>>> print(open('entry37.cif').read())   # mmCIF, C-alpha atoms; chains and numbers go by the auth columns
data_upload
loop_
_atom_site.group_PDB
_atom_site.id
_atom_site.type_symbol
_atom_site.label_atom_id
_atom_site.label_comp_id
_atom_site.label_asym_id
_atom_site.label_seq_id
_atom_site.Cartn_x
_atom_site.Cartn_y
_atom_site.Cartn_z
_atom_site.B_iso_or_equiv
_atom_site.auth_seq_id
_atom_site.auth_asym_id
ATOM 1 C CA MET A 1 -22.811 8.458 31.704 0.00 723 O
ATOM 2 C CA THR A 2 -21.340 9.925 28.528 0.00 724 O
ATOM 3 C CA PRO A 3 -23.907 11.995 26.680 0.00 725 O
ATOM 4 C CA SER A 4 -25.329 10.636 23.454 0.00 726 O
ATOM 5 C CA ARG A 5 -24.227 13.798 21.669 0.00 727 O
ATOM 6 C CA TYR A 6 -20.627 12.631 22.142 0.00 728 O
ATOM 7 C CA ARG A 7 -21.013 8.972 21.187 0.00 729 O
ATOM 8 C CA ARG A 8 -23.119 9.280 18.064 0.00 730 O
ATOM 9 C CA PRO A 9 -20.736 11.594 16.132 0.00 731 O
ATOM 10 C CA LEU A 10 -17.822 9.274 16.918 0.00 732 O
ATOM 11 C CA MET A 11 -19.808 6.319 15.644 0.00 733 O
ATOM 12 C CA VAL A 12 -20.779 8.138 12.452 0.00 734 O
ATOM 13 C CA LEU A 13 -17.201 9.335 11.934 0.00 735 O
ATOM 14 C CA ALA A 14 -15.856 5.800 12.339 0.00 736 O
ATOM 15 C CA ALA A 15 -18.412 4.439 9.874 0.00 737 O
ATOM 16 C CA VAL A 16 -17.607 7.121 7.294 0.00 738 O
ATOM 17 C CA ILE A 17 -13.868 6.523 7.654 0.00 739 O
ATOM 18 C CA ALA A 18 -14.397 2.763 7.264 0.00 740 O
ATOM 19 C CA VAL A 19 -16.511 3.135 4.116 0.00 741 O
ATOM 20 C CA LEU A 20 -14.091 5.609 2.530 0.00 742 O
ATOM 21 C CA SER A 21 -11.183 3.349 3.385 0.00 743 O
ATOM 22 C CA LEU A 22 -12.882 0.335 1.808 0.00 744 O
ATOM 23 C CA ILE A 23 -13.499 2.386 -1.326 0.00 745 O
ATOM 24 C CA ALA A 24 -9.809 3.313 -1.318 0.00 746 O
ATOM 25 C CA VAL A 25 -8.813 -0.350 -0.981 0.00 747 O
ATOM 26 C CA GLY A 26 -11.007 -1.204 -3.965 0.00 748 O
ATOM 27 C CA THR A 27 -9.476 1.645 -5.941 0.00 749 O
ATOM 28 C CA VAL A 28 -5.938 0.520 -5.149 0.00 750 O
ATOM 29 C CA MET A 29 -6.782 -3.042 -6.162 0.00 751 O
ATOM 30 C CA ALA A 30 -8.491 -1.956 -9.390 0.00 752 O
ATOM 31 C CA LEU A 31 -5.594 0.280 -10.363 0.00 753 O
ATOM 32 C CA ALA A 32 -3.078 -2.456 -9.576 0.00 754 O
ATOM 33 C CA PHE A 33 -5.058 -4.906 -11.701 0.00 755 O
ATOM 34 C CA ALA A 34 -4.983 -2.395 -14.550 0.00 756 O
ATOM 35 C CA GLY A 35 -1.206 -2.120 -14.232 0.00 757 O
ATOM 36 C CA SER A 36 -1.235 1.404 -12.845 0.00 758 O
ATOM 37 C CA VAL A 37 -0.070 2.881 -9.562 0.00 759 O
ATOM 38 C CA ALA A 38 -2.551 4.481 -7.177 0.00 760 O
ATOM 39 C CA PRO A 39 -1.891 7.995 -5.905 0.00 761 O
ATOM 40 C CA THR A 40 -0.162 8.215 -2.549 0.00 762 O
ATOM 41 C CA TRP A 41 -3.155 9.686 -0.723 0.00 763 O
ATOM 42 C CA VAL A 42 -5.391 6.818 -1.877 0.00 764 O
ATOM 43 C CA THR A 43 -2.884 4.237 -0.692 0.00 765 O
ATOM 44 C CA TYR A 44 -2.435 6.093 2.590 0.00 766 O
ATOM 45 C CA SER A 45 -6.177 6.206 3.244 0.00 767 O
ATOM 46 C CA ALA A 46 -6.490 2.526 2.362 0.00 768 O
ATOM 47 C CA LEU A 47 -3.707 1.542 4.761 0.00 769 O
ATOM 48 C CA TYR A 48 -4.577 3.725 7.728 0.00 770 O
ATOM 49 C CA GLY A 49 -8.321 4.283 7.413 0.00 771 O
ATOM 50 C CA LEU A 50 -9.562 0.904 8.578 0.00 772 O
ATOM 51 C CA PRO A 51 -7.368 0.743 11.702 0.00 773 O
ATOM 52 C CA ALA A 52 -8.410 4.294 12.612 0.00 774 O
ATOM 53 C CA ALA A 53 -12.091 3.386 12.204 0.00 775 O
ATOM 54 C CA PHE A 54 -11.577 0.229 14.263 0.00 776 O
ATOM 55 C CA ILE A 55 -9.956 2.184 17.088 0.00 777 O
ATOM 56 C CA LEU A 56 -12.774 4.746 17.075 0.00 778 O
ATOM 57 C CA MET A 57 -15.386 1.969 17.208 0.00 779 O
ATOM 58 C CA LEU A 58 -13.472 0.293 20.021 0.00 780 O
ATOM 59 C CA LEU A 59 -13.520 3.551 21.987 0.00 781 O
ATOM 60 C CA VAL A 60 -17.267 3.874 21.471 0.00 782 O
ATOM 61 C CA VAL A 61 -17.860 0.296 22.649 0.00 783 O
ATOM 62 C CA LEU A 62 -15.625 0.694 25.708 0.00 784 O
ATOM 63 C CA ASP A 63 -17.340 3.957 26.581 0.00 785 O
ATOM 64 C CA GLY A 64 -20.705 2.184 26.414 0.00 786 O
ATOM 65 C CA VAL A 65 -19.461 -0.602 28.689 0.00 787 O
ATOM 66 C CA VAL A 66 -18.146 1.902 31.236 0.00 788 O
ATOM 67 C CA ALA A 67 -21.402 3.882 31.091 0.00 789 O
ATOM 68 C CA ARG A 68 -23.498 0.763 31.708 0.00 790 O
ATOM 69 C CA ARG A 69 -21.342 -0.285 34.652 0.00 791 O
ATOM 70 C CA ARG A 70 -21.634 3.143 36.203 0.00 792 O
ATOM 71 C CA ALA A 71 -25.393 3.146 35.728 0.00 793 O
ATOM 72 C CA GLY A 72 -25.618 -0.334 37.263 0.00 794 O
ATOM 73 C CA LYS A 73 -23.591 0.640 40.325 0.00 795 O
ATOM 74 C CA ALA A 74 -25.675 3.765 40.884 0.00 796 O
ATOM 75 C CA GLY A 75 -28.861 1.676 40.865 0.00 797 O
ATOM 76 C CA ARG A 76 -27.575 -0.685 43.578 0.00 798 O
ATOM 77 C CA ARG A 77 -26.965 2.017 46.142 0.00 799 O
#
>>> encode(input="entry37.cif", output="structure tokens")
Amino acid sequence: MTPSRYRRPLMVLAAVIAVLSLIAVGTVMALAFAGSVAPTWVTYSALYGLPAAFILMLLVVLDGVVARRRAGKAGRR
């Protein structure tokens, strides 16, 4: 089973990336509404932050599934 010390930081990192990316999306939309152009780094974080957070969360979920299956198989023996 993967230790909790490995899973929890990944989960927190994914959540932080997702929140920051949503803030960046809001910033890009607000600046576009005002008729201005957002800085490149804000646009970049808005475009690539959410997929990165989704992939990290997917890895955490798959790791949990694998850990539960391994624990279940060990209990049957």
>>> residues_around(input="entry37.cif", residues="Ala760 (chain O)", least_positions_apart="5", cutoff="12 Å", atoms="all atoms listed in the file", output="PDB file with C-alpha atoms, keeping the file's coordinate frame")
ATOM      1  CA  ALA O 746      -9.809   3.313  -1.318  1.00  0.00           C
ATOM      2  CA  VAL O 747      -8.813  -0.350  -0.981  1.00  0.00           C
ATOM      3  CA  GLY O 748     -11.007  -1.204  -3.965  1.00  0.00           C
ATOM      4  CA  THR O 749      -9.476   1.645  -5.941  1.00  0.00           C
ATOM      5  CA  VAL O 750      -5.938   0.520  -5.149  1.00  0.00           C
ATOM      6  CA  MET O 751      -6.782  -3.042  -6.162  1.00  0.00           C
ATOM      7  CA  ALA O 752      -8.491  -1.956  -9.390  1.00  0.00           C
ATOM      8  CA  LEU O 753      -5.594   0.280 -10.363  1.00  0.00           C
ATOM      9  CA  ALA O 754      -3.078  -2.456  -9.576  1.00  0.00           C
ATOM     10  CA  PHE O 755      -5.058  -4.906 -11.701  1.00  0.00           C
ATOM     11  CA  THR O 765      -2.884   4.237  -0.692  1.00  0.00           C
ATOM     12  CA  TYR O 766      -2.435   6.093   2.590  1.00  0.00           C
ATOM     13  CA  SER O 767      -6.177   6.206   3.244  1.00  0.00           C
ATOM     14  CA  ALA O 768      -6.490   2.526   2.362  1.00  0.00           C
TER      15      ALA O 768
END
>>> atom_distance(input="entry37.cif", atom1="CA of Leu780 (chain O)", atom2="CA of Trp763 (chain O)")
25.0 Å
>>> atom_distance(input="entry37.cif", atom1="CA of Gly757 (chain O)", atom2="CA of Ser743 (chain O)")
21.0 Å
>>> atom_distance(input="entry37.cif", atom1="CA of Phe776 (chain O)", atom2="CA of Ala740 (chain O)")
8.0 Å
>>> closest_residue(input="entry37.cif", among="O:Leu732, O:Ala793, O:Ile739, O:Leu744", to="Ala774 (chain O)", atoms="all atoms listed in the file")
O:Ile739
